[in-house]
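J.: Pasting coords_31.pdb below, which is PDB, C-alpha atoms and all ligand atoms.
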ATOM      1  CA  VAL P   1     -10.627  20.713 -23.770
ATOM      2  CA  SER P   2      -8.010  19.994 -21.184
ATOM      3  CA  ILE P   3      -8.432  16.853 -19.178
ATOM      4  CA  GLU P   4      -7.627  16.231 -15.562
ATOM      5  CA  THR P   5      -4.312  14.420 -15.089
ATOM      6  CA  PRO P   6      -4.535  12.811 -18.515
ATOM      7  CA  SER P   7      -1.594  10.444 -18.197
ATOM      8  CA  ARG P   8      -2.793   8.889 -14.958
ATOM      9  CA  ARG P   9      -6.378   8.612 -16.130
ATOM     10  CA  ALA P  10      -5.316   7.208 -19.467
ATOM     11  CA  PHE P  11      -3.294   4.586 -17.631
ATOM     12  CA  LEU P  12      -6.228   3.717 -15.365
ATOM     13  CA  ALA P  13      -8.543   3.485 -18.344
ATOM     14  CA  ALA P  14      -6.049   1.252 -20.141
ATOM     15  CA  SER P  15      -5.713  -1.121 -17.171
ATOM     16  CA  MET P  16      -9.494  -1.285 -16.778
ATOM     17  CA  ALA P  17      -9.827  -2.189 -20.453
ATOM     18  CA  LEU P  18      -7.545  -5.170 -19.883
ATOM     19  CA  LEU P  19      -9.581  -6.370 -16.913
ATOM     20  CA  ALA P  20     -13.106  -5.738 -18.170
ATOM     21  CA  PRO P  21     -14.626  -7.467 -21.184
ATOM     22  CA  ARG P  22     -14.857  -4.902 -23.990
ATOM     23  CA  ARG P  23     -18.440  -5.777 -24.812
ATOM     24  CA  ALA P  24     -19.602  -5.050 -21.259
ATOM     25  CA  ARG P  25     -18.008  -1.589 -21.296
ATOM     26  CA  ALA P  26     -19.497  -0.859 -24.676
ATOM     27  CA  ALA P  27     -23.095  -1.598 -23.803
ATOM     28  CA  THR P  28     -23.213   0.990 -21.060
ATOM     29  CA  VAL P  29     -23.508   4.346 -22.877
ATOM     30  CA  ARG P  30     -26.939   4.850 -24.416
ATOM     31  CA  ARG P  31     -28.066   8.318 -23.426
ATOM     32  CA  ILE P  32     -26.519  11.745 -22.866
ATOM     33  CA  ALA P  33     -28.329  14.294 -20.690
ATOM     34  CA  LEU P  34     -27.766  17.992 -21.386
ATOM     35  CA  GLN P  35     -27.855  20.166 -18.272
ATOM     36  CA  PRO P  36     -28.092  23.926 -18.882
ATOM     37  CA  LEU P  37     -26.426  25.710 -15.939
ATOM     38  CA  GLY P  38     -27.713  29.227 -15.331
ATOM     39  CA  ALA P  39     -30.449  30.878 -17.318
ATOM     40  CA  SER P  40     -28.522  33.002 -19.808
ATOM     41  CA  LEU P  41     -27.792  30.462 -22.542
ATOM     42  CA  PRO P  42     -29.402  31.287 -25.910
ATOM     43  CA  GLU P  43     -31.773  28.610 -27.210
ATOM     44  CA  ALA P  44     -29.959  28.548 -30.580
ATOM     45  CA  GLN P  45     -26.766  27.431 -28.809
ATOM     46  CA  ARG P  46     -28.521  24.630 -26.918
ATOM     47  CA  GLU P  47     -30.222  23.477 -30.099
ATOM     48  CA  LEU P  48     -26.985  23.334 -32.076
ATOM     49  CA  VAL P  49     -25.290  21.299 -29.324
ATOM     50  CA  LEU P  50     -28.199  18.860 -29.400
ATOM     51  CA  ARG P  51     -28.003  18.598 -33.187
ATOM     52  CA  ALA P  52     -24.223  18.177 -33.261
ATOM     53  CA  LEU P  53     -24.230  15.372 -30.682
ATOM     54  CA  ARG P  54     -27.027  13.547 -32.521
ATOM     55  CA  THR P  55     -25.091  13.991 -35.776
ATOM     56  CA  PHE P  56     -21.846  12.446 -34.533
ATOM     57  CA  TYR P  57     -22.909   9.879 -31.937
ATOM     58  CA  ASP P  58     -25.502   7.142 -32.238
ATOM     59  CA  LEU P  59     -26.820   7.977 -28.763
ATOM     60  CA  GLU P  60     -30.053   9.367 -27.378
ATOM     61  CA  VAL P  61     -29.695  12.992 -26.266
ATOM     62  CA  VAL P  62     -32.164  14.516 -23.796
ATOM     63  CA  GLU P  63     -32.365  18.017 -22.343
ATOM     64  CA  LEU P  64     -32.874  18.646 -18.630
ATOM     65  CA  PRO P  65     -34.523  21.768 -17.166
ATOM     66  CA  VAL P  66     -32.170  24.665 -16.365
ATOM     67  CA  ALA P  67     -30.354  24.330 -13.031
ATOM     68  CA  PRO P  68     -28.786  27.260 -11.186
ATOM     69  CA  LEU P  69     -24.982  27.382 -11.128
ATOM     70  CA  PRO P  70     -23.806  25.854  -7.823
ATOM     71  CA  ARG P  71     -22.250  28.369  -5.427
ATOM     72  CA  SER P  72     -19.758  25.666  -4.429
ATOM     73  CA  ALA P  73     -18.066  26.089  -7.825
ATOM     74  CA  TYR P  74     -17.752  29.898  -7.688
ATOM     75  CA  TYR P  75     -14.185  31.189  -7.660
ATOM     76  CA  ALA P  76     -14.395  34.688  -6.205
ATOM     77  CA  PRO P  77     -10.833  35.919  -7.025
ATOM     78  CA  ARG P  78     -11.552  35.686 -10.771
ATOM     79  CA  ARG P  79     -15.352  35.859 -10.584
ATOM     80  CA  ARG P  80     -15.813  32.678 -12.571
ATOM     81  CA  TYR P  81     -16.634  29.013 -11.957
ATOM     82  CA  ARG P  82     -14.277  26.114 -11.371
ATOM     83  CA  ALA P  83     -14.904  23.454 -13.994
ATOM     84  CA  GLU P  84     -13.888  20.444 -11.883
ATOM     85  CA  LYS P  85     -16.378  21.514  -9.186
ATOM     86  CA  LEU P  86     -19.045  21.726 -11.880
ATOM     87  CA  LEU P  87     -18.159  18.161 -12.941
ATOM     88  CA  GLU P  88     -18.746  16.973  -9.356
ATOM     89  CA  PHE P  89     -22.084  18.799  -9.262
ATOM     90  CA  LEU P  90     -23.112  17.341 -12.639
ATOM     91  CA  ALA P  91     -22.076  13.769 -11.794
ATOM     92  CA  GLU P  92     -24.407  13.895  -8.779
ATOM     93  CA  ARG P  93     -27.280  14.934 -11.045
ATOM     94  CA  LEU P  94     -26.847  12.141 -13.596
ATOM     95  CA  PRO P  95     -30.446  11.039 -14.262
ATOM     96  CA  SER P  96     -31.256   7.339 -14.200
ATOM     97  CA  GLY P  97     -31.162   5.999 -17.731
ATOM     98  CA  SER P  98     -28.425   8.449 -18.748
ATOM     99  CA  GLN P  99     -24.765   7.476 -18.641
ATOM    100  CA  ARG P 100     -23.246  10.843 -19.524
ATOM    101  CA  ILE P 101     -24.162  14.389 -18.530
ATOM    102  CA  LEU P 102     -22.971  17.531 -20.328
ATOM    103  CA  GLY P 103     -23.239  20.859 -18.524
ATOM    104  CA  LEU P 104     -23.779  23.925 -20.724
ATOM    105  CA  THR P 105     -23.083  27.407 -19.482
ATOM    106  CA  ALA P 106     -22.500  30.973 -20.664
ATOM    107  CA  VAL P 107     -20.277  31.933 -17.726
ATOM    108  CA  ASP P 108     -16.483  31.678 -17.835
ATOM    109  CA  ILE P 109     -15.105  28.433 -16.399
ATOM    110  CA  SER P 110     -11.573  27.585 -15.307
ATOM    111  CA  THR P 111      -9.369  24.855 -13.939
ATOM    112  CA  SER P 112      -5.780  24.434 -12.731
ATOM    113  CA  LYS P 113      -3.291  24.002 -15.544
ATOM    114  CA  PRO P 114       0.236  24.105 -14.120
ATOM    115  CA  PRO P 115       1.865  26.545 -13.720
ATOM    116  CA  HIS P 116      -1.500  28.383 -13.790
ATOM    117  CA  GLU P 117      -3.599  28.159 -10.651
ATOM    118  CA  ASP P 118      -6.763  29.226 -12.444
ATOM    119  CA  TRP P 119      -6.834  28.898 -16.234
ATOM    120  CA  GLY P 120      -9.898  29.713 -18.338
ATOM    121  CA  VAL P 121     -11.108  26.834 -20.531
ATOM    122  CA  LEU P 122     -13.719  26.123 -23.208
ATOM    123  CA  GLY P 123     -14.662  22.860 -21.557
ATOM    124  CA  LEU P 124     -13.531  20.104 -19.230
ATOM    125  CA  ALA P 125     -14.042  16.356 -19.142
ATOM    126  CA  THR P 126     -12.413  13.361 -17.564
ATOM    127  CA  LEU P 127     -11.442  10.446 -19.769
ATOM    128  CA  ASP P 128     -14.246   7.861 -19.567
ATOM    129  CA  GLY P 129     -15.951  10.037 -16.923
ATOM    130  CA  ALA P 130     -19.714  10.509 -16.554
ATOM    131  CA  ALA P 131     -19.685  14.317 -16.618
ATOM    132  CA  CYS P 132     -18.280  17.072 -18.805
ATOM    133  CA  VAL P 133     -18.954  20.790 -19.057
ATOM    134  CA  ILE P 134     -18.659  23.433 -21.789
ATOM    135  CA  SER P 135     -18.784  27.224 -21.708
ATOM    136  CA  SER P 136     -19.759  29.616 -24.505
ATOM    137  CA  PHE P 137     -17.843  32.470 -22.838
ATOM    138  CA  ARG P 138     -14.665  32.067 -24.926
ATOM    139  CA  CYS P 139     -16.638  31.037 -28.041
ATOM    140  CA  ARG P 140     -17.995  34.588 -28.275
ATOM    141  CA  ARG P 141     -14.544  36.156 -28.613
ATOM    142  CA  ARG P 142     -14.105  37.750 -32.035
ATOM    143  CA  ALA P 143     -16.915  35.573 -33.391
ATOM    144  CA  ARG P 144     -18.267  36.671 -36.792
ATOM    145  CA  SER P 145     -21.881  36.105 -35.741
ATOM    146  CA  ALA P 146     -24.127  34.481 -33.164
ATOM    147  CA  ARG P 147     -24.181  31.423 -35.421
ATOM    148  CA  HIS P 148     -20.358  31.275 -35.395
ATOM    149  CA  THR P 149     -20.386  31.339 -31.571
ATOM    150  CA  ALA P 150     -22.930  28.507 -31.512
ATOM    151  CA  GLU P 151     -20.840  26.437 -33.959
ATOM    152  CA  ARG P 152     -17.724  26.743 -31.762
ATOM    153  CA  PHE P 153     -19.820  25.803 -28.718
ATOM    154  CA  ALA P 154     -21.297  22.733 -30.446
ATOM    155  CA  LYS P 155     -17.856  21.586 -31.685
ATOM    156  CA  THR P 156     -16.634  21.803 -28.088
ATOM    157  CA  ALA P 157     -19.579  19.618 -27.026
ATOM    158  CA  VAL P 158     -18.596  16.894 -29.523
ATOM    159  CA  HIS P 159     -14.974  17.184 -28.290
ATOM    160  CA  GLU P 160     -15.780  16.878 -24.564
ATOM    161  CA  ILE P 161     -18.259  14.028 -25.052
ATOM    162  CA  GLY P 162     -15.493  12.347 -27.086
ATOM    163  CA  HIS P 163     -13.251  12.485 -23.999
ATOM    164  CA  THR P 164     -15.982  10.902 -21.849
ATOM    165  CA  LEU P 165     -16.217   8.085 -24.422
ATOM    166  CA  GLY P 166     -12.497   7.480 -23.971
ATOM    167  CA  LEU P 167     -10.994   9.554 -26.793
ATOM    168  CA  GLU P 168      -7.761  11.381 -26.050
ATOM    169  CA  HIS P 169      -6.485  14.375 -27.985
ATOM    170  CA  CYS P 170      -5.831  13.627 -31.649
ATOM    171  CA  PRO P 171      -2.857  14.886 -33.682
ATOM    172  CA  THR P 172      -4.870  14.971 -36.947
ATOM    173  CA  ARG P 173      -5.245  18.579 -38.082
ATOM    174  CA  GLY P 174      -8.911  19.530 -38.343
ATOM    175  CA  CYS P 175     -10.153  16.600 -36.227
ATOM    176  CA  LEU P 176     -12.700  17.565 -33.576
ATOM    177  CA  MET P 177     -10.474  15.841 -30.992
ATOM    178  CA  GLU P 178      -7.544  18.173 -31.682
ATOM    179  CA  ASP P 179      -6.256  19.924 -28.565
ATOM    180  CA  ALA P 180      -7.490  23.507 -28.891
ATOM    181  CA  GLY P 181      -4.882  24.603 -26.358
ATOM    182  CA  GLY P 182      -7.156  27.494 -25.453
ATOM    183  CA  LYS P 183      -7.030  28.889 -29.009
ATOM    184  CA  MET P 184     -10.251  29.529 -30.900
ATOM    185  CA  GLU P 185      -8.412  29.153 -34.265
ATOM    186  CA  THR P 186      -8.015  25.422 -33.609
ATOM    187  CA  THR P 187     -11.742  25.027 -33.026
ATOM    188  CA  ASP P 188     -12.448  27.086 -36.144
ATOM    189  CA  ARG P 189     -10.472  24.723 -38.385
ATOM    190  CA  GLU P 190     -12.134  21.609 -36.953
ATOM    191  CA  HIS P 191     -14.771  19.899 -39.051
ATOM    192  CA  LEU P 192     -15.180  16.131 -38.495
ATOM    193  CA  LEU P 193     -13.896  13.273 -36.354
ATOM    194  CA  CYS P 194     -10.955  11.793 -38.290
ATOM    195  CA  GLU P 195     -10.788   8.139 -39.295
ATOM    196  CA  ALA P 196      -8.395   7.311 -36.421
ATOM    197  CA  SER P 197     -10.762   8.819 -33.843
ATOM    198  CA  LEU P 198     -13.773   7.028 -35.377
ATOM    199  CA  ARG P 199     -11.884   3.710 -35.247
ATOM    200  CA  GLU P 200     -10.903   4.332 -31.635
ATOM    201  CA  LEU P 201     -14.563   4.919 -30.699
ATOM    202  CA  GLU P 202     -15.533   1.709 -32.481
ATOM    203  CA  ARG P 203     -12.715  -0.193 -30.785
ATOM    204  CA  ARG P 204     -14.206   0.982 -27.496
ATOM    205  CA  GLY P 205     -17.593  -0.379 -28.492
ATOM    206  CA  HIS P 206     -19.276   2.965 -29.204
ATOM    207  CA  ALA P 207     -21.077   3.533 -32.448
ATOM    208  CA  PRO P 208     -20.074   6.843 -34.025
ATOM    209  CA  ARG P 209     -22.041   7.798 -37.126
ATOM    210  CA  ARG P 210     -20.031   7.782 -40.347
ATOM    211  CA  ASP P 211     -20.328  10.004 -43.445
ATOM    212  CA  VAL P 212     -22.081  12.696 -41.451
ATOM    213  CA  THR P 213     -22.906  16.234 -42.530
ATOM    214  CA  PRO P 214     -21.952  18.418 -39.549
ATOM    215  CA  PRO P 215     -24.050  21.482 -38.705
ATOM    216  CA  TRP P 216     -21.139  23.802 -39.579
ATOM    217  CA  PRO P 217     -19.370  24.666 -42.823
ATOM    218  CA  LYS P 218     -16.155  23.000 -43.979
ATOM    219  CA  PRO P 219     -13.359  25.441 -43.067
TER     220      PRO P 219
HETATM  221 ZN    ZN P 301      -9.717  18.141 -24.917
HETATM  222 ZN    ZN P 302      -8.888  12.404 -34.774
END
So, in terms of structure tokens, how does the structure I just supplied come out?

T.:
Amino acid sequence: VSIETPSRRAFLAASMALLAPRRARAATVRRIALQPLGASLPEAQRELVLRALRTFYDLEVVELPVAPLPRSAYYAPRRRYRAEKLLEFLAERLPSGSQRILGLTAVDISTSKPPHEDWGVLGLATLDGAACVISSFRCRRRARSARHTAERFAKTAVHEIGHTLGLEHCPTRGCLMEDAGGKMETTDREHLLCEASLRELERRGHAPRRDVTPPWPKP
């Protein structure tokens, strides 16, 4: 949901776009690998993430066997895991043939968000990066049902993968690329990718699906 140093990365991405032919950049993303981290993630949540990504993106999505959470990412003072360390771990595990890897976990994850040294997040990605990670920990808060938790989790997956495909936060209310700002209410009002976000994906050479029926109700 929050991205690492967005302004700098956005600038880097913009300069790269000027240097590299657009078509060459576009051809690269074909497959997303899902990497469950830790054993405690309900199957229904993994399945909904898979379905949501296949609904919104014209990309192959494959599921990897569960991997244990890396100790290198554990943050003892708050007993949770640092998201940027998880991104490093995930990027190293990118399988050949996959260009993006999405880590899925039930444990709380956090990152630095000035002035906060350790700030809990729903997910983390870098703009145009290979890896992103999402956590269902905050999705469970005041959820109406297990299904509601899974829907929030799957919306976060579409959001973070959007960042890795170059999408920044979107001001359109209800767009899946809206900045949740750590609030579950924002995620709850999200439904689709707005026209501006779809056009931006297309401009970047990705092929989002249009006129989709998302696996969650219209708010
Ligand atoms: Zn975000
Ligand atoms: Zn949008």

J.: With distances taken over all atoms listed in the file, which of P:Ala207, P:Val121, P:Val158, P:Ile32 is nearest to ligand ZN 302 (chain P)?

T.: P:Val158

J.: Please write out the residues within 6 Å of ligand ZN 302 (chain P) as a list in words, counting only C-alpha atoms and all ligand atoms.

T.: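 Every residue with an atom at most 6 Å from ligand ZN 302 (chain P) is listed here: Cys170, Thr172, Cys175, Met177, Leu193, Cys194, Ala196 and Ser197 of chain P.
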
J.: Would you output that residue set with C-alpha atoms, as a PDB file, in the coordinates of the input?

T.:
ATOM      1  CA  CYS P 170      -5.831  13.627 -31.649  1.00  0.00           C
ATOM      2  CA  THR P 172      -4.870  14.971 -36.947  1.00  0.00           C
ATOM      3  CA  CYS P 175     -10.153  16.600 -36.227  1.00  0.00           C
ATOM      4  CA  MET P 177     -10.474  15.841 -30.992  1.00  0.00           C
ATOM      5  CA  LEU P 193     -13.896  13.273 -36.354  1.00  0.00           C
ATOM      6  CA  CYS P 194     -10.955  11.793 -38.290  1.00  0.00           C
ATOM      7  CA  ALA P 196      -8.395   7.311 -36.421  1.00  0.00           C
ATOM      8  CA  SER P 197     -10.762   8.819 -33.843  1.00  0.00           C
TER       9      SER P 197
END

J.: Would you translate the PyMOL selection byres (((not hetatm)) within 10 of (chain P and resi 301)) into the concrete set of residues it matches in this file, as number ranges by chain?

T.: P: 1-4, 6, 121-127, 156, 159-163, 167-170, 176-182

J.: Find the axis-aligned box for segment 68-75 of chain P, covering all its listed atoms and adding 5 Å on each side, and write its centre and edge lengths in Å to one decimal as lines of an AutoDock Vina configuration file.

T.:
center_x = -21.5
center_y = 28.4
center_z = -7.8
size_x = 24.6
size_y = 15.5
size_z = 16.8

J.: Near Val61 of chain P, within 7 Å and counting all atoms listed in the file, which residues show up once chain neighbours fewer than 6 positions away are dropped, as a list in words?

T.: Arg31, Ile32, Ala33, Leu50 and Arg54 of chain P

J.: What does the PyMOL selection byres (((chain P and resi 212) around 12) and not hetatm) select in this file, as a list in words?

T.: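 Going through the file, the PyMOL selection byres (((chain P and resi 212) around 12) and not hetatm) ends up selecting Arg51, Ala52, Leu53, Arg54, Thr55, Phe56, Tyr57, Asp58, His191, Leu192, Leu193, Cys194, Leu198, Pro208, Arg209, Arg210, Asp211, Thr213, Pro214, Pro215 and Trp216 of chain P.
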
J.: Name the residues in contact with Arg79 of chain P at a cut-off of 9 Å, using only C-alpha atoms, excluding same-chain residues fewer than 4 positions from it; report them as a list in words.

T.: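 So, after excluding close chain neighbours, the residues are Tyr74, Tyr75 and Asp108 of chain P.
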
J.: Quick one: which residues end up in the PyMOL selection byres (((chain P and resi 151) around 10) and not hetatm) for this structure, as a PDB file with C-alpha atoms, keeping the file's coordinate frame?

T.:
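What ended up in out_8.pdb:
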ATOM      1  CA  ALA P  44     -29.959  28.548 -30.580  1.00  0.00           C
ATOM      2  CA  GLN P  45     -26.766  27.431 -28.809  1.00  0.00           C
ATOM      3  CA  LEU P  48     -26.985  23.334 -32.076  1.00  0.00           C
ATOM      4  CA  VAL P  49     -25.290  21.299 -29.324  1.00  0.00           C
ATOM      5  CA  ALA P  52     -24.223  18.177 -33.261  1.00  0.00           C
ATOM      6  CA  CYS P 139     -16.638  31.037 -28.041  1.00  0.00           C
ATOM      7  CA  ALA P 143     -16.915  35.573 -33.391  1.00  0.00           C
ATOM      8  CA  SER P 145     -21.881  36.105 -35.741  1.00  0.00           C
ATOM      9  CA  ALA P 146     -24.127  34.481 -33.164  1.00  0.00           C
ATOM     10  CA  ARG P 147     -24.181  31.423 -35.421  1.00  0.00           C
ATOM     11  CA  HIS P 148     -20.358  31.275 -35.395  1.00  0.00           C
ATOM     12  CA  THR P 149     -20.386  31.339 -31.571  1.00  0.00           C
ATOM     13  CA  ALA P 150     -22.930  28.507 -31.512  1.00  0.00           C
ATOM     14  CA  ARG P 152     -17.724  26.743 -31.762  1.00  0.00           C
ATOM     15  CA  PHE P 153     -19.820  25.803 -28.718  1.00  0.00           C
ATOM     16  CA  ALA P 154     -21.297  22.733 -30.446  1.00  0.00           C
ATOM     17  CA  LYS P 155     -17.856  21.586 -31.685  1.00  0.00           C
ATOM     18  CA  THR P 156     -16.634  21.803 -28.088  1.00  0.00           C
ATOM     19  CA  ALA P 157     -19.579  19.618 -27.026  1.00  0.00           C
ATOM     20  CA  THR P 187     -11.742  25.027 -33.026  1.00  0.00           C
ATOM     21  CA  ASP P 188     -12.448  27.086 -36.144  1.00  0.00           C
ATOM     22  CA  PRO P 214     -21.952  18.418 -39.549  1.00  0.00           C
ATOM     23  CA  PRO P 215     -24.050  21.482 -38.705  1.00  0.00           C
ATOM     24  CA  TRP P 216     -21.139  23.802 -39.579  1.00  0.00           C
ATOM     25  CA  PRO P 217     -19.370  24.666 -42.823  1.00  0.00           C
TER      26      PRO P 217
END

J.: What's the 7 Å shell around Gly38 of chain P, counting all atoms listed in the file, without same-chain residues fewer than 5 positions away, as a ChimeraX atom specification?

T.: /P:66-69,105

J.: Which protein, DNA or RNA residues are at most 7 Å from (-25.0, 4.8, -24.2) in the file's coordinates when you count only C-alpha atoms, listed as a CSV table (one decimal) with C-alpha atoms, in the coordinates of the input?

T.:
chain,number,residue,atom,x,y,z
P,27,ALA,CA,-23.1,-1.6,-23.8
P,28,THR,CA,-23.2,1.0,-21.1
P,29,VAL,CA,-23.5,4.3,-22.9
P,30,ARG,CA,-26.9,4.8,-24.4
P,31,ARG,CA,-28.1,8.3,-23.4
P,59,LEU,CA,-26.8,8.0,-28.8
P,99,GLN,CA,-24.8,7.5,-18.6

J.: With all atoms listed in the file as the atoms that count, which of P:Val133, P:Ala73, P:Leu94, P:Ala83 lies nearest to Ser110 of chain P?

T.: P:Ala83

J.: Taking into account only C-alpha atoms, which residue in the set P:Pro77, P:Ala106, P:Ser96, P:Arg71 is nearest to Ala39 of chain P?

T.: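 Residue with the minimum atom-to-atom distance to Ala39 of chain P: P:Ala106.
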
J.: Find, counting only C-alpha atoms, the residue in P:Glu200, P:Glu190, P:Glu84, P:Glu47 that gets nearest to Gly120 of chain P.

T.: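 Nearest candidate to Gly120 of chain P out of P:Glu200, P:Glu190, P:Glu84, P:Glu47: P:Glu84.
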
J.: Out of P:Ser112, P:Glu60, P:Glu202, P:Leu104, which residue has the shortest atom-to-atom distance to Phe137 of chain P when counting only C-alpha atoms?

T.: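 Of P:Ser112, P:Glu60, P:Glu202, P:Leu104, the one nearest Phe137 of chain P is P:Leu104, counting only C-alpha atoms.
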
J.: One number please: atom CA of Ile101 of chain P to atom CA of Glu43 of chain P, in Å, one decimal.

T.: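 Straight-line distance from atom CA of Ile101 of chain P to atom CA of Glu43 of chain P works out to 18.3 Å.
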
J.: May I ask for the distance between atom CA of Pro42 of chain P and atom CA of Arg141 of chain P, given in Å to one decimal place?

T.: 15.9 Å

J.: Identify which of the residues P:Ile109, P:Leu37, P:Met184, P:Leu165 lies closest to Arg204 of chain P, counting all atoms listed in the file when measuring atom-to-atom distances.

T.: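 Counting all atoms listed in the file, the residue closest to Arg204 of chain P is P:Leu165.
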
J.: Please compute the atom CA of Arg100 of chain P-atom CA of Lys218 of chain P distance, one decimal, in Å.

T.: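 These atoms are spaced 28.2 Å apart.
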